[in-house]
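Asks: This is final21.txt, which holds compact mmCIF, C-alpha atoms:
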```txt
# COMPACT_ATOMS: atom_id res chain seq x y z
CA MET A 1072 38.59 -132.98 94.86
CA ARG A 1073 40.47 -136.22 94.18
CA LYS A 1074 43.75 -134.37 93.86
CA ILE A 1075 43.23 -132.56 97.15
CA VAL A 1076 42.56 -135.82 98.98
CA LEU A 1077 45.56 -137.43 97.33
CA MET A 1078 47.95 -134.67 98.23
CA THR A 1079 46.69 -134.82 101.80
CA LEU A 1080 47.48 -138.53 101.81
CA LEU A 1081 50.94 -138.17 100.33
CA PHE A 1082 52.24 -135.10 102.09
CA ALA A 1083 50.66 -135.21 105.52
CA VAL A 1084 53.03 -134.30 108.33
CA CYS A 1085 54.16 -137.48 110.05
CA ASP A 1086 55.75 -137.95 113.46
CA LEU A 1087 58.97 -139.78 112.63
CA SER A 1088 59.42 -140.88 116.25
CA ALA A 1089 56.04 -142.59 116.32
CA GLN A 1090 55.88 -146.27 117.18
CA SER A 1091 52.64 -147.41 115.56
CA LEU A 1092 52.53 -149.11 112.21
CA THR A 1093 49.97 -146.58 110.95
CA ASP A 1094 52.45 -143.76 111.52
CA TYR A 1095 55.07 -145.61 109.50
CA TYR A 1096 52.51 -145.99 106.72
CA GLY A 1097 52.31 -142.21 106.64
CA VAL A 1098 56.10 -141.89 106.43
CA ALA A 1099 56.23 -144.42 103.60
CA ALA A 1100 53.44 -142.65 101.70
CA GLU A 1101 55.31 -139.36 102.00
CA ASN A 1102 58.79 -140.59 101.11
CA ASN A 1103 58.66 -143.72 98.95
CA PRO A 1104 60.02 -142.89 95.45
CA GLU A 1105 58.14 -145.69 93.68
CA LEU A 1106 54.84 -144.34 94.99
CA LYS A 1107 55.80 -140.82 93.91
CA ALA A 1108 56.68 -142.13 90.46
CA LYS A 1109 53.25 -143.79 90.14
CA TYR A 1110 51.53 -140.55 91.07
CA LYS A 1111 53.59 -138.61 88.54
CA ASP A 1112 52.59 -141.19 85.96
CA PHE A 1113 48.95 -140.47 86.80
CA GLU A 1114 49.52 -136.71 86.59
CA ALA A 1115 51.23 -137.13 83.22
CA SER A 1116 48.26 -139.12 81.90
CA LEU A 1117 45.96 -136.22 82.77
CA GLN A 1118 47.91 -134.08 80.32
CA LYS A 1119 46.66 -136.33 77.53
CA LEU A 1120 43.14 -134.94 77.86
CA PRO A 1121 43.79 -131.48 76.34
CA GLN A 1122 46.01 -133.06 73.68
CA VAL A 1123 43.37 -135.41 72.29
CA SER A 1124 40.41 -133.06 72.71
CA SER A 1125 41.89 -130.11 70.81
CA LEU A 1126 41.42 -129.30 67.17
CA PRO A 1127 44.38 -129.85 64.84
CA ASP A 1128 46.47 -126.77 64.14
CA PRO A 1129 45.29 -124.65 61.20
CA ASN A 1130 47.41 -124.66 58.02
CA PHE A 1131 48.75 -121.42 56.65
CA SER A 1132 50.52 -121.27 53.31
CA LEU A 1133 52.13 -118.53 51.29
CA GLY A 1134 52.75 -118.69 47.56
CA TYR A 1135 54.67 -116.29 45.32
CA PHE A 1136 54.16 -116.30 41.55
CA ILE A 1137 57.58 -116.20 39.95
CA SER A 1138 55.83 -115.50 36.68
CA PRO A 1139 52.75 -113.44 37.58
CA VAL A 1140 49.50 -114.83 36.29
CA GLU A 1141 47.90 -112.26 34.04
CA THR A 1142 44.18 -111.83 34.50
CA ARG A 1143 41.65 -109.35 33.16
CA VAL A 1144 41.89 -107.24 36.33
CA GLY A 1145 45.68 -107.44 36.60
CA PRO A 1146 48.61 -109.80 37.34
CA GLN A 1147 48.47 -112.09 40.41
CA ASN A 1148 51.73 -111.82 42.39
CA MET A 1149 51.17 -113.58 45.76
CA LYS A 1150 48.70 -115.95 47.38
CA PHE A 1151 47.84 -116.59 51.07
CA SER A 1152 45.86 -119.62 52.22
CA LEU A 1153 44.46 -120.47 55.68
CA THR A 1154 42.66 -123.79 56.33
CA GLN A 1155 41.20 -125.37 59.50
CA MET A 1156 40.24 -129.05 59.52
CA PHE A 1157 37.51 -130.42 61.81
CA PRO A 1158 37.20 -134.11 62.70
CA TRP A 1159 33.78 -135.74 62.44
CA PHE A 1160 31.21 -134.70 65.02
CA GLY A 1161 31.92 -136.26 68.45
CA THR A 1162 35.41 -137.50 67.60
CA LEU A 1163 37.21 -135.16 70.02
CA LYS A 1164 34.77 -135.97 72.82
CA ALA A 1165 35.26 -139.70 72.24
CA GLN A 1166 39.06 -139.32 72.29
CA LYS A 1167 38.87 -137.33 75.51
CA ASN A 1168 36.69 -140.04 77.06
CA VAL A 1169 39.30 -142.69 76.23
CA ALA A 1170 42.10 -140.56 77.71
CA ALA A 1171 40.08 -139.84 80.87
CA LEU A 1172 39.38 -143.55 81.44
CA LEU A 1173 43.05 -144.43 80.95
CA ALA A 1174 44.04 -141.65 83.37
CA ASP A 1175 41.64 -143.09 85.95
CA SER A 1176 43.24 -146.50 85.44
CA LYS A 1177 46.64 -144.91 86.18
CA TYR A 1178 45.20 -143.55 89.41
CA GLN A 1179 44.07 -147.05 90.38
CA ALA A 1180 47.58 -148.32 89.60
CA PHE A 1181 48.87 -145.68 92.02
CA LEU A 1182 46.43 -146.86 94.71
CA ASN A 1183 47.51 -150.46 94.16
CA THR A 1184 51.17 -149.47 94.58
CA LYS A 1185 50.26 -147.64 97.80
CA ASN A 1186 48.46 -150.69 99.16
CA GLN A 1187 51.37 -152.93 98.15
CA LEU A 1188 53.79 -150.57 99.89
CA PHE A 1189 51.78 -150.66 103.13
CA SER A 1190 51.70 -154.46 102.98
CA GLN A 1191 55.48 -154.55 102.49
CA VAL A 1192 55.99 -152.19 105.43
CA ALA A 1193 53.91 -154.49 107.64
CA THR A 1194 55.81 -157.54 106.34
CA VAL A 1195 59.03 -156.07 107.75
CA TYR A 1196 57.57 -154.30 110.78
CA TYR A 1197 56.23 -157.44 112.45
CA PRO A 1198 59.47 -159.47 112.08
CA LEU A 1199 61.20 -156.49 113.72
CA TYR A 1200 58.64 -156.65 116.50
CA GLU A 1201 59.29 -160.39 116.82
CA LEU A 1202 63.07 -159.94 116.81
CA GLN A 1203 63.13 -157.23 119.48
CA ASN A 1204 60.83 -159.22 121.73
CA LEU A 1205 62.86 -162.40 121.15
CA MET A 1206 65.88 -160.54 122.50
CA LEU A 1207 63.89 -159.61 125.60
CA ILE A 1208 62.83 -163.23 126.08
CA GLU A 1209 66.43 -164.47 125.71
CA ARG A 1210 67.71 -161.87 128.21
CA GLU A 1211 64.96 -162.84 130.65
CA ASN A 1212 65.92 -166.48 130.13
CA ILE A 1213 69.55 -165.71 130.96
CA GLN A 1214 68.48 -163.96 134.18
CA ILE A 1215 66.41 -166.97 135.21
CA LEU A 1216 69.25 -169.37 134.38
CA GLU A 1217 71.69 -167.24 136.37
CA SER A 1218 69.38 -167.48 139.37
CA TYR A 1219 69.24 -171.27 138.89
CA LYS A 1220 73.02 -171.36 138.73
CA LYS A 1221 73.37 -169.47 142.01
CA ILE A 1222 71.13 -171.94 143.77
CA ALA A 1223 72.95 -174.89 142.18
CA LEU A 1224 76.30 -173.42 143.32
CA ALA A 1225 74.97 -172.93 146.83
CA LYS A 1226 73.80 -176.54 146.95
CA LEU A 1227 77.15 -177.72 145.62
CA GLU A 1228 78.96 -175.82 148.38
CA ASN A 1229 76.64 -177.43 150.92
CA GLY A 1230 77.35 -180.86 149.49
CA GLN A 1231 73.77 -181.29 148.26
CA GLY A 1232 74.32 -180.61 144.56
CA ASN A 1233 76.63 -181.74 141.79
CA LEU A 1234 78.86 -180.10 139.22
CA VAL A 1235 76.88 -181.50 136.29
CA ASP A 1236 73.91 -179.28 137.17
CA ILE A 1237 76.09 -176.18 136.98
CA LEU A 1238 77.62 -177.25 133.68
CA ARG A 1239 74.16 -177.82 132.21
CA VAL A 1240 73.12 -174.29 133.21
CA ASP A 1241 76.31 -172.86 131.71
CA LEU A 1242 75.58 -174.59 128.40
CA MET A 1243 72.08 -173.14 128.31
CA ILE A 1244 73.34 -169.65 129.19
CA LYS A 1245 75.90 -169.78 126.39
CA GLU A 1246 73.21 -170.93 123.95
CA ALA A 1247 71.01 -167.98 124.95
CA GLN A 1248 73.94 -165.56 124.60
CA THR A 1249 74.65 -166.95 121.12
CA ASN A 1250 71.00 -166.47 120.18
CA ILE A 1251 71.16 -162.84 121.29
CA SER A 1252 74.35 -162.33 119.28
CA ILE A 1253 72.67 -163.73 116.15
CA LEU A 1254 69.60 -161.54 116.70
CA ASP A 1255 71.88 -158.51 117.11
CA LYS A 1256 73.40 -159.23 113.72
CA LYS A 1257 70.00 -159.83 112.12
CA GLU A 1258 68.45 -156.57 113.35
CA PRO A 1259 70.47 -154.21 111.07
CA ALA A 1260 69.38 -156.22 108.02
CA LEU A 1261 65.69 -155.88 108.91
CA THR A 1262 66.12 -152.24 109.91
CA SER A 1263 67.82 -151.29 106.64
CA TRP A 1264 65.13 -153.13 104.66
CA PHE A 1265 62.40 -151.32 106.60
CA ASN A 1266 64.07 -147.92 106.16
CA SER A 1267 64.53 -148.53 102.43
CA LEU A 1268 60.74 -148.76 102.09
CA LEU A 1269 60.46 -145.46 103.94
CA ASN A 1270 63.30 -143.93 101.88
CA ARG A 1271 65.29 -143.07 105.01
CA LYS A 1272 68.88 -143.65 106.07
CA TYR A 1273 69.50 -147.39 106.28
CA ASN A 1274 70.61 -147.27 109.93
CA GLU A 1275 67.87 -144.96 111.24
CA LYS A 1276 66.36 -146.42 114.41
CA VAL A 1277 63.00 -148.17 114.10
CA ILE A 1278 60.83 -148.18 117.21
CA VAL A 1279 58.16 -150.86 117.32
CA SER A 1280 55.32 -151.51 119.74
CA LYS A 1281 56.22 -153.47 122.86
CA GLY A 1282 53.08 -155.57 122.88
CA ILE A 1283 50.51 -156.54 120.27
CA GLU A 1284 47.22 -158.23 120.96
CA ILE A 1285 45.45 -160.48 118.47
CA VAL A 1286 42.29 -158.88 117.12
CA GLU A 1287 39.04 -160.72 116.60
CA LEU A 1288 38.05 -160.92 112.95
CA PRO A 1289 34.35 -161.09 112.02
CA LEU A 1290 33.07 -163.84 109.79
CA GLN A 1291 33.79 -163.18 106.09
CA TYR A 1292 36.11 -160.33 107.09
CA ARG A 1293 35.97 -157.63 104.36
CA LYS A 1294 34.89 -160.23 101.79
CA ASP A 1295 32.70 -157.74 99.92
CA SER A 1296 35.63 -155.32 99.64
CA ILE A 1297 37.53 -157.53 97.19
CA SER A 1298 35.60 -155.86 94.38
CA GLN A 1299 37.20 -152.56 95.43
CA ASN A 1300 40.71 -153.83 94.86
CA PRO A 1301 42.46 -151.28 92.58
CA LEU A 1302 43.72 -154.05 90.30
CA LEU A 1303 40.12 -154.98 89.40
CA ILE A 1304 39.02 -151.37 89.02
CA GLU A 1305 42.08 -150.61 86.86
CA LEU A 1306 41.25 -153.47 84.48
CA GLU A 1307 37.59 -152.46 84.36
CA LEU A 1308 38.58 -148.90 83.41
CA LYS A 1309 40.92 -150.20 80.72
CA LYS A 1310 38.08 -152.35 79.42
CA GLN A 1311 35.82 -149.30 79.29
CA ALA A 1312 38.57 -147.32 77.55
CA SER A 1313 38.87 -150.04 74.90
CA ASN A 1314 35.11 -149.92 74.40
CA ALA A 1315 35.32 -146.14 73.96
CA ALA A 1316 38.25 -146.63 71.56
CA VAL A 1317 35.92 -148.56 69.25
CA GLU A 1318 33.81 -145.42 68.88
CA VAL A 1319 36.95 -143.36 68.25
CA ALA A 1320 38.09 -145.75 65.50
CA ILE A 1321 34.67 -145.58 63.83
CA LYS A 1322 34.54 -141.79 63.93
CA GLN A 1323 38.10 -141.48 62.63
CA GLY A 1324 36.97 -143.48 59.61
CA LEU A 1325 34.41 -140.78 58.74
CA PRO A 1326 35.22 -137.73 56.56
CA LYS A 1327 36.96 -134.72 58.04
CA LEU A 1328 35.63 -131.29 57.19
CA GLY A 1329 37.72 -128.22 56.54
CA VAL A 1330 37.06 -124.53 55.95
CA GLY A 1331 39.56 -122.06 54.62
CA LEU A 1332 40.23 -118.84 52.85
CA ASP A 1333 42.47 -117.95 49.92
CA TYR A 1334 43.65 -114.38 49.48
CA VAL A 1335 45.38 -113.40 46.24
CA LEU A 1336 47.29 -110.12 45.80
CA VAL A 1337 46.59 -108.56 42.41
CA ASP A 1338 48.55 -105.65 40.95
CA LYS A 1339 46.79 -102.90 39.01
CA GLY A 1340 47.16 -103.70 35.35
CA MET A 1341 47.65 -101.44 32.37
CA ASN A 1342 43.93 -101.51 31.65
CA ASN A 1343 41.21 -99.34 33.08
CA PHE A 1344 38.66 -101.97 34.03
CA PRO A 1345 36.53 -101.02 37.05
CA ASP A 1346 37.96 -103.85 39.30
CA SER A 1347 41.51 -103.54 38.06
CA GLY A 1348 44.02 -104.29 40.87
CA LYS A 1349 41.37 -105.60 43.23
CA ASP A 1350 42.63 -108.50 45.44
CA VAL A 1351 40.89 -111.88 45.23
CA ILE A 1352 39.20 -113.43 48.28
CA MET A 1353 38.04 -117.04 47.90
CA PRO A 1354 36.35 -119.01 50.74
CA MET A 1355 36.93 -122.79 50.54
CA VAL A 1356 35.45 -125.99 51.95
CA THR A 1357 37.56 -129.18 52.23
CA LEU A 1358 36.37 -132.74 52.68
CA SER A 1359 38.73 -135.68 53.36
CA LEU A 1360 37.91 -138.98 51.67
CA PRO A 1361 38.73 -141.94 53.98
CA ILE A 1362 38.66 -144.53 51.23
CA PHE A 1363 41.56 -146.66 52.52
CA ARG A 1364 39.56 -148.57 55.11
CA LYS A 1365 42.04 -151.20 56.29
CA LYS A 1366 43.59 -149.04 59.00
CA TYR A 1367 40.19 -148.03 60.41
CA THR A 1368 38.94 -151.62 60.36
CA ALA A 1369 42.16 -152.77 62.07
CA ALA A 1370 41.86 -150.05 64.73
CA THR A 1371 38.29 -151.13 65.49
CA SER A 1372 39.31 -154.80 65.70
CA GLU A 1373 42.27 -153.93 67.95
CA ALA A 1374 40.03 -152.05 70.39
CA LYS A 1375 37.52 -154.93 70.50
CA LEU A 1376 40.25 -157.51 71.06
CA MET A 1377 41.79 -155.43 73.85
CA GLN A 1378 38.36 -155.16 75.43
CA GLU A 1379 38.10 -158.95 75.46
CA SER A 1380 41.65 -159.23 76.78
CA TYR A 1381 40.91 -156.94 79.72
CA SER A 1382 37.73 -158.91 80.47
CA PHE A 1383 39.74 -162.13 80.71
CA GLN A 1384 42.47 -160.44 82.76
CA LYS A 1385 39.89 -159.07 85.19
CA GLU A 1386 38.26 -162.49 85.55
CA ALA A 1387 41.65 -164.10 86.19
CA VAL A 1388 42.62 -161.51 88.83
CA GLU A 1389 39.21 -161.80 90.49
CA ASN A 1390 39.58 -165.59 90.72
CA LYS A 1391 43.07 -165.22 92.14
CA LEU A 1392 41.96 -162.65 94.72
CA ASN A 1393 39.04 -164.80 95.87
CA GLY A 1394 41.22 -167.90 96.09
CA THR A 1395 43.88 -166.04 98.05
CA TYR A 1396 41.22 -164.58 100.35
CA TYR A 1397 40.06 -168.00 101.57
CA LYS A 1398 43.65 -169.19 101.89
CA LEU A 1399 44.51 -166.21 104.10
CA ILE A 1400 41.36 -166.64 106.19
CA PHE A 1401 42.38 -170.26 106.86
CA GLU A 1402 45.92 -169.23 107.79
CA LEU A 1403 44.64 -166.52 110.14
CA GLU A 1404 42.30 -168.98 111.85
CA LYS A 1405 45.16 -171.47 112.12
CA GLU A 1406 47.42 -168.89 113.76
CA LYS A 1407 44.65 -167.93 116.19
CA GLU A 1408 44.24 -171.54 117.31
CA LEU A 1409 47.99 -172.02 117.60
CA LEU A 1410 48.23 -168.83 119.63
CA GLN A 1411 45.55 -170.08 121.98
CA LEU A 1412 47.48 -173.34 122.37
CA TYR A 1413 50.82 -171.60 122.93
CA SER A 1414 49.31 -169.16 125.41
CA ASN A 1415 47.76 -171.98 127.44
CA GLN A 1416 51.01 -173.94 127.29
CA VAL A 1417 52.97 -170.95 128.59
CA VAL A 1418 50.57 -170.51 131.52
CA THR A 1419 50.61 -174.22 132.40
CA LEU A 1420 54.36 -174.57 132.04
CA SER A 1421 55.00 -171.46 134.14
CA LYS A 1422 52.94 -172.90 137.01
CA SER A 1423 54.55 -176.33 136.66
CA LEU A 1424 58.02 -174.83 136.55
CA ASN A 1425 57.43 -172.86 139.74
CA LEU A 1426 56.29 -176.00 141.53
CA LEU A 1427 59.15 -178.08 140.18
CA PHE A 1428 61.72 -175.45 141.12
CA SER A 1429 60.31 -175.36 144.64
CA TYR A 1430 60.80 -179.13 144.87
CA TYR A 1431 64.36 -178.76 143.70
CA SER A 1432 65.13 -175.89 146.09
CA ASN A 1433 63.75 -177.80 149.05
CA ALA A 1434 64.62 -181.40 148.27
CA ASN A 1435 67.45 -181.25 145.72
CA LYS A 1436 65.44 -183.19 143.15
CA ASP A 1437 64.90 -183.08 139.42
CA PHE A 1438 67.19 -180.19 138.48
CA GLU A 1439 67.53 -181.66 135.00
CA GLU A 1440 63.73 -181.64 134.74
CA VAL A 1441 63.70 -178.00 135.89
CA LEU A 1442 66.04 -177.06 133.06
CA ARG A 1443 64.11 -179.14 130.54
CA MET A 1444 60.86 -177.44 131.52
CA GLN A 1445 62.51 -174.02 131.39
CA GLN A 1446 63.57 -174.75 127.80
CA GLU A 1447 60.07 -175.98 127.01
CA LEU A 1448 58.60 -172.76 128.39
CA LEU A 1449 61.10 -170.72 126.37
CA LYS A 1450 60.12 -172.63 123.22
CA TYR A 1451 56.42 -171.88 123.62
CA LYS A 1452 57.08 -168.21 124.37
CA LYS A 1453 59.01 -167.99 121.11
CA LEU A 1454 56.30 -169.86 119.22
CA GLU A 1455 53.68 -167.52 120.66
CA LEU A 1456 55.68 -164.52 119.50
CA ALA A 1457 56.31 -165.99 116.03
CA SER A 1458 52.63 -166.83 115.62
CA THR A 1459 51.62 -163.29 116.58
CA SER A 1460 53.98 -161.90 113.93
CA ALA A 1461 52.70 -164.37 111.32
CA PHE A 1462 49.08 -163.51 112.14
CA TYR A 1463 49.58 -159.80 111.51
CA ILE A 1464 51.63 -160.35 108.36
CA LYS A 1465 48.76 -162.44 106.96
CA LEU A 1466 46.28 -159.80 108.10
CA ALA A 1467 48.29 -157.13 106.23
CA GLU A 1468 48.12 -159.31 103.10
CA LEU A 1469 44.36 -159.61 103.57
CA ASP A 1470 44.02 -155.85 104.00
CA TYR A 1471 45.93 -155.36 100.72
CA LEU A 1472 43.67 -157.90 99.02
CA THR A 1473 40.54 -156.10 100.19
CA ALA A 1474 41.95 -152.60 99.58
CA LYS A 1475 41.60 -151.45 103.19
CA GLN A 1476 42.16 -147.71 103.58
CA PHE A 1477 44.39 -146.47 106.41
```
Could I get this structure in the form of structure tokens?
Replies:
Amino acid sequence: MRKIVLMTLLFAVCDLSAQSLTDYYGVAAENNPELKAKYKDFEASLQKLPQVSSLPDPNFSLGYFISPVETRVGPQNMKFSLTQMFPWFGTLKAQKNVAALLADSKYQAFLNTKNQLFSQVATVYYPLYELQNLMLIERENIQILESYKKIALAKLENGQGNLVDILRVDLMIKEAQTNISILDKKEPALTSWFNSLLNRKYNEKVIVSKGIEIVELPLQYRKDSISQNPLLIELELKKQASNAAVEVAIKQGLPKLGVGLDYVLVDKGMNNFPDSGKDVIMPMVTLSLPIFRKKYTAATSEAKLMQESYSFQKEAVENKLNGTYYKLIFELEKEKELLQLYSNQVVTLSKSLNLLFSYYSNANKDFEEVLRMQQELLKYKKLELASTSAFYIKLAELDYLTAKQF
């Protein structure tokens, strides 16, 4: 069942022209080579199960008597032996249990890589969203400044304005044009980075959403889901595997049993005994003697020490995840408050700018203040956009931390 669900996740048909982040997650899950490598690693670990749960190969030997051994019933010319060894009761099951737990830990490593990949995709997607919307803001700013310039020129022609006002507008227009040029150069870098995560051509077009609204997060958002982080589950499975390895080490230190059969070819001798020339069949039982105990004691100690190591690693990761959780919650709350401030500032400045521009148009006053307020409005629009991008990047980190499924 797990494999079916996994293959559905990895190889679902994705609409490459889609604009939502979730659709890009699907493309990344289908194409990313690192994620495929992790899944192959998991599949390879599953092949350990039949290896460790199978009996050792039987031993077959053939012996030829260069000088036949003379017996009462005739000379012995050739001997065949077949032996099968059996580990102590429960050893194979214990070894299979260890391999199964380690395979499950590989699966959790795969899930962690998937979650990391989705977080990385979001980390590039939102700056692309910010960049494309910044270009729209700058173009809109140029249009507004051009309209200001026309009015300033008209006033100058009517003897009501001055050349300084026009030069100020020109400076601001050139600054906006330079900003657009820089953003144009920055976009290919972000696009190629984004496409590399999706394993696509570096210059393939990335379409992002035009507008993103801030979502409301409930108190203690997904706090209980930290325990489901694949990193923690992976370490817990490794800890359990080490515990099971203790049992394996103990059982490997017990005797191994073997059963076999010897078959000896006997030629008919010169005598006339009743069993003359009759082949010899000899059943055998073998018992190994594990008297050199150091390696078994060391294997048991190694498994116990690894169990303790994984316990400490899990505790350290859990502490780190919880600490990071509260840090991200603070940063998300901070961005929400800043967004509220920036949004209110944009509304207030827009109203003030309209009033101020009306004063200038009618009374030829405060053109410098009009331009200053226009720049102030532009600043808060950019801050609002940057804060939106930062909010969702932090939210993607929080979703990775709490192992959110998409």
Asks: Separation of CA of Glu1105 (chain A) and CA of Ser1296 (chain A), in Å?
Replies: 25.2 Å
Asks: A:Ile1215, A:Ile1253, A:Val1417, A:Ile1278: which is nearest Lys1452 (chain A), counting only C-alpha atoms?
Replies: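 Comparing A:Ile1215, A:Ile1253, A:Val1417, A:Ile1278 against Lys1452 (chain A), the winner is A:Val1417.
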Asks: What does the distance from CA of Asn1130 (chain A) to CA of Met1353 (chain A) come to in Å, to one decimal?
Replies: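 Value for the CA of Asn1130 (chain A)-CA of Met1353 (chain A) distance: 15.8 Å.
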Asks: Put the listed atoms of region 1169-1172 of chain A in a box along x, y and z with 8 Å added on every side and give me the centre and edge lengths in Å to one decimal, as AutoDock Vina command-line options.
Replies:
```
--center_x 40.7 --center_y -141.7 --center_z 78.8 --size_x 18.8 --size_y 19.7 --size_z 21.2
```
Asks: Of the candidates A:Lys1220, A:Lys1391, A:Lys1256, A:Lys1327, which one gets nearest to Arg1239 (chain A) if we count all atoms listed in the file?
Replies: A:Lys1220
Asks: Using all atoms listed in the file, which of the listed residues (A:Leu1332, A:Leu1442, A:Leu1410, A:Ile1304) sits closest to Ser1382 (chain A)?
Replies: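 Closest to Ser1382 (chain A), using all atoms listed in the file: A:Ile1304.
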Asks: Contacts of Leu1182 (chain A) at 12 Å or less, counting all atoms listed in the file, minus same-chain residues fewer than 2 places along, as a PDB file with C-alpha atoms, in the frame of the given file?
Replies:
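For reference, result13.pdb as written:
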```pdb
ATOM      1  CA  LEU A1077      45.560-137.430  97.330  1.00  0.00           C
ATOM      2  CA  LEU A1080      47.480-138.530 101.810  1.00  0.00           C
ATOM      3  CA  LEU A1081      50.940-138.170 100.330  1.00  0.00           C
ATOM      4  CA  ALA A1100      53.440-142.650 101.700  1.00  0.00           C
ATOM      5  CA  GLU A1105      58.140-145.690  93.680  1.00  0.00           C
ATOM      6  CA  LEU A1106      54.840-144.340  94.990  1.00  0.00           C
ATOM      7  CA  LYS A1107      55.800-140.820  93.910  1.00  0.00           C
ATOM      8  CA  LYS A1109      53.250-143.790  90.140  1.00  0.00           C
ATOM      9  CA  TYR A1110      51.530-140.550  91.070  1.00  0.00           C
ATOM     10  CA  PHE A1113      48.950-140.470  86.800  1.00  0.00           C
ATOM     11  CA  ASP A1175      41.640-143.090  85.950  1.00  0.00           C
ATOM     12  CA  SER A1176      43.240-146.500  85.440  1.00  0.00           C
ATOM     13  CA  LYS A1177      46.640-144.910  86.180  1.00  0.00           C
ATOM     14  CA  TYR A1178      45.200-143.550  89.410  1.00  0.00           C
ATOM     15  CA  GLN A1179      44.070-147.050  90.380  1.00  0.00           C
ATOM     16  CA  ALA A1180      47.580-148.320  89.600  1.00  0.00           C
ATOM     17  CA  THR A1184      51.170-149.470  94.580  1.00  0.00           C
ATOM     18  CA  LYS A1185      50.260-147.640  97.800  1.00  0.00           C
ATOM     19  CA  ASN A1186      48.460-150.690  99.160  1.00  0.00           C
ATOM     20  CA  GLN A1187      51.370-152.930  98.150  1.00  0.00           C
ATOM     21  CA  LEU A1188      53.790-150.570  99.890  1.00  0.00           C
ATOM     22  CA  PHE A1189      51.780-150.660 103.130  1.00  0.00           C
ATOM     23  CA  GLN A1299      37.200-152.560  95.430  1.00  0.00           C
ATOM     24  CA  ASN A1300      40.710-153.830  94.860  1.00  0.00           C
ATOM     25  CA  PRO A1301      42.460-151.280  92.580  1.00  0.00           C
ATOM     26  CA  LEU A1302      43.720-154.050  90.300  1.00  0.00           C
ATOM     27  CA  LEU A1303      40.120-154.980  89.400  1.00  0.00           C
ATOM     28  CA  ILE A1304      39.020-151.370  89.020  1.00  0.00           C
ATOM     29  CA  GLU A1305      42.080-150.610  86.860  1.00  0.00           C
ATOM     30  CA  TYR A1471      45.930-155.360 100.720  1.00  0.00           C
ATOM     31  CA  ALA A1474      41.950-152.600  99.580  1.00  0.00           C
ATOM     32  CA  LYS A1475      41.600-151.450 103.190  1.00  0.00           C
ATOM     33  CA  GLN A1476      42.160-147.710 103.580  1.00  0.00           C
ATOM     34  CA  PHE A1477      44.390-146.470 106.410  1.00  0.00           C
TER      35      PHE A1477
END
```
Asks: Considering all atoms listed in the file, can you say which of A:Leu1238, A:Leu1268, A:Val1337, A:Val1192 comes closest to Tyr1463 (chain A)?
Replies: A:Val1192
Asks: Find the distance between CA of Met1355 (chain A) and CA of Leu1126 (chain A) and write it in Å to one decimal.
Replies: 18.4 Å
